[in-house]
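*Asks:* To be precise about what I am sending: the file is called start20.txt and holds compact mmCIF, C-alpha atoms.
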```txt
# COMPACT_ATOMS: atom_id res chain seq x y z
CA MET A 1368 -79.83 -135.01 17.29
CA ARG A 1369 -83.45 -135.73 18.20
CA TYR A 1370 -85.69 -138.57 19.34
CA ILE A 1371 -87.73 -140.62 16.90
CA CYS A 1372 -91.29 -139.53 17.69
CA ALA A 1373 -94.83 -140.78 17.11
CA LEU A 1374 -98.16 -139.10 17.82
CA THR A 1375 -101.19 -141.04 19.00
CA ILE A 1376 -104.65 -139.51 18.56
CA ALA A 1377 -107.03 -141.58 20.66
CA GLY A 1378 -109.25 -141.90 23.72
CA SER A 1379 -108.05 -142.21 27.29
CA ASP A 1380 -108.53 -145.48 29.22
CA CYS A 1381 -108.52 -144.81 32.95
CA SER A 1382 -107.70 -148.48 33.67
CA GLY A 1383 -104.44 -148.16 31.73
CA GLY A 1384 -104.73 -151.17 29.44
CA ALA A 1385 -105.94 -149.64 26.17
CA GLY A 1386 -106.25 -146.30 24.40
CA ILE A 1387 -103.78 -143.49 24.97
CA GLN A 1388 -102.22 -145.28 27.95
CA ALA A 1389 -101.49 -148.45 25.97
CA ASP A 1390 -100.22 -146.39 23.04
CA ILE A 1391 -97.75 -144.43 25.16
CA LYS A 1392 -96.52 -147.57 26.92
CA THR A 1393 -96.04 -149.36 23.59
CA MET A 1394 -94.26 -146.51 21.83
CA SER A 1395 -92.02 -145.89 24.84
CA ALA A 1396 -91.18 -149.60 25.17
CA LEU A 1397 -90.09 -149.59 21.51
CA GLY A 1398 -87.73 -146.64 21.96
CA VAL A 1399 -90.02 -144.03 20.41
CA TYR A 1400 -90.89 -140.69 22.01
CA ALA A 1401 -94.68 -140.66 22.41
CA ALA A 1402 -96.85 -137.57 22.02
CA ALA A 1403 -100.63 -137.72 22.48
CA ALA A 1404 -103.79 -135.89 21.43
CA ILE A 1405 -106.79 -137.06 23.47
CA THR A 1406 -110.12 -137.36 21.65
CA SER A 1407 -112.27 -138.61 24.53
CA ILE A 1408 -112.30 -139.65 28.16
CA THR A 1409 -113.68 -143.11 28.84
CA VAL A 1410 -114.94 -144.62 32.05
CA GLN A 1411 -113.79 -148.22 31.85
CA ASN A 1412 -111.91 -151.04 33.51
CA THR A 1413 -110.99 -154.60 32.61
CA LYS A 1414 -114.65 -155.64 32.78
CA SER A 1415 -116.49 -153.05 30.71
CA VAL A 1416 -116.83 -149.54 29.32
CA GLN A 1417 -119.40 -147.53 31.26
CA ALA A 1418 -119.27 -144.13 29.59
CA VAL A 1419 -117.51 -141.98 26.97
CA HIS A 1420 -117.10 -138.22 27.13
CA GLY A 1421 -115.81 -136.57 23.97
CA VAL A 1422 -113.23 -133.78 24.06
CA ASN A 1423 -114.24 -130.60 22.21
CA SER A 1424 -113.27 -131.02 18.56
CA LEU A 1425 -111.45 -127.66 18.45
CA ILE A 1426 -109.27 -128.80 21.35
CA VAL A 1427 -108.56 -132.06 19.53
CA ALA A 1428 -107.47 -130.13 16.43
CA ASP A 1429 -105.32 -127.76 18.47
CA GLN A 1430 -103.60 -130.66 20.27
CA ILE A 1431 -102.69 -132.23 16.93
CA LYS A 1432 -101.45 -128.96 15.44
CA ALA A 1433 -99.38 -128.14 18.52
CA VAL A 1434 -97.53 -131.46 18.27
CA MET A 1435 -97.21 -131.56 14.47
CA ASP A 1436 -95.78 -128.03 14.24
CA ASP A 1437 -93.33 -128.35 17.11
CA ILE A 1438 -92.39 -132.00 17.74
CA LYS A 1439 -92.83 -133.02 14.08
CA PRO A 1440 -93.60 -136.73 14.64
CA ASP A 1441 -92.30 -139.35 12.25
CA ALA A 1442 -95.63 -141.23 12.18
CA VAL A 1443 -99.18 -140.83 13.50
CA LYS A 1444 -101.61 -143.38 14.93
CA ILE A 1445 -105.35 -142.65 15.08
CA GLY A 1446 -107.43 -144.70 17.48
CA MET A 1447 -110.82 -144.02 18.99
CA VAL A 1448 -112.85 -141.24 17.32
CA ASN A 1449 -116.31 -140.96 18.80
CA ASP A 1450 -118.23 -138.47 16.66
CA GLY A 1451 -118.42 -136.56 13.38
CA ALA A 1452 -117.02 -133.29 14.73
CA THR A 1453 -113.88 -135.05 15.96
CA ILE A 1454 -113.45 -136.86 12.64
CA HIS A 1455 -113.72 -133.55 10.79
CA ALA A 1456 -111.20 -131.96 13.15
CA ILE A 1457 -108.64 -134.72 12.69
CA ALA A 1458 -108.98 -134.94 8.91
CA ASP A 1459 -108.96 -131.17 8.41
CA THR A 1460 -105.84 -130.78 10.56
CA LEU A 1461 -103.78 -133.69 9.23
CA LYS A 1462 -104.31 -132.68 5.60
CA TYR A 1463 -101.66 -130.00 6.19
CA TYR A 1464 -99.07 -132.71 6.93
CA PRO A 1465 -99.44 -135.04 3.93
CA LYS A 1466 -95.99 -136.62 4.17
CA CYS A 1467 -96.51 -138.11 7.63
CA PRO A 1468 -97.52 -141.82 7.61
CA ILE A 1469 -100.85 -142.51 9.34
CA VAL A 1470 -101.93 -145.81 10.92
CA MET A 1471 -105.71 -145.93 11.44
CA ASP A 1472 -107.12 -148.32 14.06
CA PRO A 1473 -110.91 -148.23 13.52
CA ILE A 1474 -112.14 -148.70 17.08
CA MET A 1475 -115.92 -149.02 16.89
CA VAL A 1476 -117.14 -151.39 19.61
CA SER A 1477 -115.47 -152.40 22.88
CA THR A 1478 -114.89 -156.05 23.80
CA SER A 1479 -117.79 -155.74 26.24
CA GLY A 1480 -120.10 -154.50 23.46
CA PHE A 1481 -120.13 -150.75 24.18
CA ASN A 1482 -120.45 -148.61 21.02
CA LEU A 1483 -117.36 -146.39 20.85
CA MET A 1484 -118.27 -144.66 17.58
CA LYS A 1485 -121.64 -143.00 17.08
CA PRO A 1486 -123.60 -144.69 14.25
CA ASN A 1487 -123.95 -141.49 12.23
CA ALA A 1488 -120.16 -141.02 12.27
CA LEU A 1489 -119.29 -144.16 10.31
CA GLU A 1490 -119.91 -142.73 6.83
CA LEU A 1491 -117.90 -139.63 7.61
CA PHE A 1492 -115.14 -141.82 9.04
CA CYS A 1493 -114.94 -143.72 5.75
CA ASP A 1494 -115.09 -140.58 3.61
CA SER A 1495 -112.64 -138.44 5.60
CA LEU A 1496 -110.11 -140.60 7.44
CA LEU A 1497 -109.68 -143.74 5.34
CA PRO A 1498 -108.36 -141.88 2.25
CA ILE A 1499 -105.57 -140.21 4.27
CA SER A 1500 -104.52 -143.40 6.05
CA THR A 1501 -101.34 -145.26 5.14
CA LEU A 1502 -102.66 -148.40 6.84
CA LEU A 1503 -106.03 -149.46 8.29
CA THR A 1504 -105.98 -152.18 10.98
CA PRO A 1505 -109.52 -153.56 11.57
CA ASN A 1506 -110.19 -156.72 13.54
CA LEU A 1507 -112.76 -159.14 12.15
CA PRO A 1508 -115.88 -157.47 13.66
CA GLU A 1509 -114.67 -154.04 12.48
CA ALA A 1510 -113.88 -155.40 9.01
CA GLU A 1511 -117.39 -156.85 8.85
CA ILE A 1512 -118.87 -153.43 9.62
CA LEU A 1513 -116.69 -151.66 7.06
CA SER A 1514 -117.28 -154.24 4.33
CA ASN A 1515 -120.94 -154.87 5.19
CA MET A 1516 -120.48 -158.64 5.05
CA LYS A 1517 -119.83 -161.64 7.28
CA ILE A 1518 -116.23 -162.90 7.40
CA ASN A 1519 -115.98 -166.61 8.24
CA SER A 1520 -113.14 -167.74 5.97
CA ILE A 1521 -109.95 -166.54 4.29
CA ASP A 1522 -111.84 -166.17 1.01
CA ALA A 1523 -114.41 -163.96 2.72
CA MET A 1524 -111.58 -161.96 4.28
CA ASP A 1525 -110.15 -161.35 0.81
CA ILE A 1526 -113.49 -160.11 -0.53
CA ALA A 1527 -114.00 -157.89 2.51
CA ALA A 1528 -110.55 -156.38 2.00
CA GLN A 1529 -111.41 -155.45 -1.58
CA ARG A 1530 -114.55 -153.70 -0.39
CA ILE A 1531 -112.66 -151.83 2.32
CA GLN A 1532 -109.89 -150.79 -0.06
CA SER A 1533 -112.52 -149.38 -2.42
CA LEU A 1534 -113.25 -146.83 0.33
CA GLY A 1535 -109.86 -145.27 -0.35
CA CYS A 1536 -107.33 -146.57 2.17
CA LYS A 1537 -103.88 -147.41 0.78
CA ALA A 1538 -103.45 -150.69 2.66
CA VAL A 1539 -105.55 -152.75 5.06
CA LEU A 1540 -104.44 -155.30 7.64
CA ILE A 1541 -107.39 -157.51 8.64
CA LYS A 1542 -106.61 -159.09 11.99
CA GLY A 1543 -107.81 -162.61 12.68
CA GLY A 1544 -107.48 -162.55 16.46
CA HIS A 1545 -111.22 -163.11 16.99
CA ALA A 1546 -111.16 -166.35 14.98
CA LYS A 1547 -111.07 -169.66 16.84
CA GLY A 1548 -108.23 -172.18 16.58
CA ASP A 1549 -104.63 -172.63 17.70
CA ARG A 1550 -103.29 -170.31 14.99
CA LYS A 1551 -104.25 -166.72 14.20
CA VAL A 1552 -104.04 -165.40 10.64
CA ASP A 1553 -103.73 -161.72 9.73
CA ARG A 1554 -103.74 -160.60 6.09
CA LEU A 1555 -102.21 -157.41 4.66
CA TYR A 1556 -103.66 -156.09 1.40
CA THR A 1557 -101.90 -153.32 -0.52
CA THR A 1558 -103.00 -151.14 -3.41
CA ASN A 1559 -100.83 -152.98 -5.93
CA GLY A 1560 -102.80 -156.17 -5.31
CA GLY A 1561 -100.23 -157.69 -3.02
CA VAL A 1562 -101.31 -159.93 -0.13
CA GLN A 1563 -99.07 -160.81 2.81
CA THR A 1564 -100.07 -163.39 5.42
CA PHE A 1565 -98.92 -163.25 9.04
CA THR A 1566 -99.53 -166.38 11.12
CA HIS A 1567 -98.88 -166.80 14.82
CA LYS A 1568 -99.89 -169.19 17.55
CA THR A 1569 -102.86 -168.50 19.78
CA ILE A 1570 -101.74 -167.55 23.30
CA ASP A 1571 -104.04 -168.93 25.97
CA THR A 1572 -104.81 -165.94 28.16
CA ARG A 1573 -107.71 -163.69 29.14
CA ASN A 1574 -105.34 -160.71 29.32
CA THR A 1575 -106.18 -159.28 25.90
CA HIS A 1576 -107.43 -155.81 26.85
CA GLY A 1577 -105.95 -153.26 24.46
CA THR A 1578 -104.32 -155.67 22.02
CA GLY A 1579 -105.61 -153.72 19.00
CA CYS A 1580 -104.34 -150.43 20.40
CA THR A 1581 -101.01 -152.05 21.22
CA LEU A 1582 -100.53 -153.57 17.77
CA SER A 1583 -101.41 -150.40 15.86
CA SER A 1584 -99.12 -148.34 18.12
CA ALA A 1585 -96.31 -150.84 17.63
CA ILE A 1586 -96.74 -150.69 13.84
CA THR A 1587 -96.69 -146.89 14.03
CA SER A 1588 -93.52 -147.03 16.13
CA PHE A 1589 -91.70 -149.28 13.68
CA ILE A 1590 -92.79 -147.12 10.74
CA ALA A 1591 -91.38 -144.13 12.64
CA ARG A 1592 -88.18 -146.15 13.02
CA ARG A 1593 -88.01 -146.32 9.19
CA LEU A 1594 -89.07 -149.94 8.65
CA ASP A 1595 -91.13 -150.59 5.52
CA LEU A 1596 -94.76 -151.56 5.98
CA VAL A 1597 -94.39 -155.36 5.87
CA ASP A 1598 -91.38 -155.38 8.20
CA ALA A 1599 -93.08 -152.92 10.56
CA ILE A 1600 -96.14 -155.17 10.83
CA ALA A 1601 -94.01 -158.29 11.34
CA ALA A 1602 -91.97 -156.60 14.06
CA ALA A 1603 -95.10 -155.22 15.73
CA LYS A 1604 -96.79 -158.62 15.75
CA ASN A 1605 -93.69 -160.16 17.29
CA TYR A 1606 -93.72 -157.48 20.01
CA LEU A 1607 -97.42 -158.07 20.74
CA SER A 1608 -96.97 -161.84 20.92
CA GLN A 1609 -94.16 -161.41 23.44
CA ALA A 1610 -96.21 -158.88 25.44
CA LEU A 1611 -99.14 -161.32 25.54
CA GLU A 1612 -96.88 -164.18 26.57
CA ALA A 1613 -95.16 -162.13 29.28
CA GLY A 1614 -98.48 -161.02 30.78
CA LYS A 1615 -100.64 -164.09 30.23
CA ASP A 1616 -100.66 -165.30 33.85
CA ILE A 1617 -100.77 -161.91 35.62
CA HIS A 1618 -103.92 -160.95 37.53
CA ILE A 1619 -104.86 -157.30 36.96
CA GLY A 1620 -108.57 -156.56 37.43
CA GLU A 1621 -111.46 -158.99 37.32
CA GLY A 1622 -112.05 -159.00 33.55
CA HIS A 1623 -109.75 -158.99 30.55
CA GLY A 1624 -106.43 -157.70 31.87
CA PRO A 1625 -103.76 -155.88 29.84
CA VAL A 1626 -100.73 -157.26 28.06
CA ASN A 1627 -97.27 -156.68 29.54
CA HIS A 1628 -96.16 -153.71 27.44
CA LEU A 1629 -92.91 -153.24 29.33
CA PHE A 1630 -91.50 -156.78 29.26
CA ASN A 1631 -88.24 -155.54 27.66
CA PRO A 1632 -88.25 -151.75 27.12
CA GLU A 1633 -85.75 -150.09 24.82
CA LYS A 1634 -83.95 -146.79 25.37
CA LEU A 1635 -85.26 -143.83 23.39
CA ILE A 1636 -83.79 -143.88 19.90
CA THR A 1637 -82.15 -140.74 18.52
CA LEU A 1638 -81.49 -139.65 14.95
```
Do you think you could lay out the structure here as structure tokens?
*Replies:*
Amino acid sequence: MRYICALTIAGSDCSGGAGIQADIKTMSALGVYAAAAITSITVQNTKSVQAVHGVNSLIVADQIKAVMDDIKPDAVKIGMVNDGATIHAIADTLKYYPKCPIVMDPIMVSTSGFNLMKPNALELFCDSLLPISTLLTPNLPEAEILSNMKINSIDAMDIAAQRIQSLGCKAVLIKGGHAKGDRKVDRLYTTNGGVQTFTHKTIDTRNTHGTGCTLSSAITSFIARRLDLVDAIAAAKNYLSQALEAGKDIHIGEGHGPVNHLFNPEKLITL
């Protein structure tokens, strides 16, 4: 008997709403044992990101290897990767574990506009990490960067997805949370040409810090729990909507506060 386990490879958020902290809260709330490899230390709060300090790439690689060889996670989530050396370290280490599903959340720019990925790292990111990813989860601004085009409609989203898939990722979920309106539309594109639409109501709240980290970690958790990709995304989106709803009126910090990750935590699940 053992716990279902997931590994998150991401940056640390000292304010607790995003990054490694959000990932661990999410995975734990969904009954999954959370392991973590930290890629960077950020100085941030609900208002802004002030600084990023990268962890030595050899230490990043050794963290991943230590967890993969011993804990043997059922799925991996990759979040913030700040530079080329870290990207190399992650890709070169994970290639030895080809059977483990990987959810890639391409965190490039913070909500406050702080660049979280160095400009010269983007090409390497596309060449090294996208091809090993089971699922890529860009929001609209990230999808625009990856596709090199403006996305202002569903048709444009479809074209952007084709461009992103041509970079080598197996499936891409373009998130429509930045779009205006009372409904949000996310679209999943798979390598067989399939398209799945996920629609949910817009929740009126400023507490949206870490929603991308939370969703990608929830998807990773449900994949670790043996759900197929579509069901894992649907379950993760339901969890995020409930976490947003549960935390929408809570005052934490003076900017964009976090969601309520622990609105209904599950016990750790064993196999």
*Asks:* Can you tell me which residues surround His1628 of chain A at a distance of at most 12 Å, considering only C-alpha atoms, apart from same-chain residues fewer than 6 positions away, and format the answer as a PyMOL selection string?
*Replies:* chain A and resi 1383-1385+1388-1397+1574-1578+1580-1582+1584-1585+1603+1606-1615
*Asks:* Pick from A:Ile1521, A:Thr1572, A:Asp1429, A:Ile1387: nearest to Gly1624 of chain A, with all atoms listed in the file counted?
*Replies:*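 Of all the options, A:Thr1572 lies closest to Gly1624 of chain A.
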*Asks:* Taking only C-alpha atoms into account, produce a table as a Markdown table in which each residue of segment 1497-1606 of chain A with an atom at most 10 Å from an atom of segment 1447-1467 of chain A appears once, together with its shortest atom pair and the distance in Å to one decimal, ordered by chain and rising number.
*Replies:*
```
| residue | atom | partner | partner_atom | distance |
| --- | --- | --- | --- | --- |
| A:Leu1497 | CA | A:Ala1458 | CA | 9.5 |
| A:Pro1498 | CA | A:Ala1458 | CA | 9.6 |
| A:Ile1499 | CA | A:Lys1462 | CA | 7.7 |
| A:Ser1500 | CA | A:Cys1467 | CA | 9.7 |
| A:Thr1501 | CA | A:Cys1467 | CA | 9.0 |
| A:Cys1580 | CA | A:Met1447 | CA | 9.2 |
| A:Ala1591 | CA | A:Cys1467 | CA | 9.4 |
```
*Asks:* Quote the spacing between atom CA of Lys1537 of chain A and atom CA of Ala1428 of chain A in Å to one decimal place.
*Replies:*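 Separation between atom CA of Lys1537 of chain A and atom CA of Ala1428 of chain A: 23.6 Å.
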*Asks:* List as a PyMOL selection string the protein and nucleic acid residues near segment 1375-1382 of chain A, meaning an atom at most 7 Å away when all atoms listed in the file are counted, but skip any in the same chain fewer than 5 places from it.
*Replies:* chain A and resi 1387-1388+1390+1402-1412+1443-1448
*Asks:* Ranking A:Cys1372, A:Met1524, A:Ile1570, A:Ile1619 by minimum distance to Val1434 of chain A and counting all atoms listed in the file, which one comes first?
*Replies:* A:Cys1372
*Asks:* What's the separation between atom CA of Gln1417 of chain A and atom CA of Asn1515 of chain A, in Å to one decimal place?
*Replies:* 27.1 Å
*Asks:* With distances taken over all atoms listed in the file, which residue among A:Lys1604, A:Arg1530, A:Lys1439, A:Lys1485 lies nearest Gly1544 of chain A?
*Replies:*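 Among A:Lys1604, A:Arg1530, A:Lys1439, A:Lys1485, it is A:Lys1604 that comes nearest to Gly1544 of chain A.
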*Asks:* Report, in Å to a single decimal, how far apart atom CA of Gly1620 of chain A and atom CA of Asp1571 of chain A are.
*Replies:*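 Distance between the two atoms: 17.5 Å.
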*Asks:* Which of these residues is nearest to Lys1542 of chain A, using only C-alpha atoms: A:Ala1527, A:Leu1507, A:Ile1431, A:Leu1489?
*Replies:* A:Leu1507
*Asks:* Of the residues A:Ala1433, A:Leu1502, A:Ile1426, A:Ile1512, which is the one nearest to Ile1590 of chain A, using all atoms listed in the file?
*Replies:*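 So, comparing all the options, the nearest one is A:Leu1502.
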*Asks:* From (-115.1, -154.1, 15.0), in the file's coordinates, out to 7 Å: which residues are reached, counting all atoms listed in the file? Answer as a list in words.
*Replies:*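 Collected hits near the coordinates: Ile1474, Met1475, Val1476, Pro1505, Asn1506, Leu1507, Pro1508, Glu1509, Ala1510 and Ile1512 of chain A.
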*Asks:* Which is closest to Leu1534 of chain A among A:Thr1564, A:Asn1605, A:Thr1413, A:Ser1495, if we use all atoms listed in the file?
*Replies:* A:Ser1495
*Asks:* Quick one: residues within 7 Å of Tyr1370 of chain A, all atoms listed in the file counted, chain neighbours fewer than 2 positions away excluded, as a list of chain:residue names?
*Replies:*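 Within the cut-off, the hits are A:Cys1372, A:Tyr1400, A:Leu1635, A:Ile1636, A:Thr1637, A:Leu1638.
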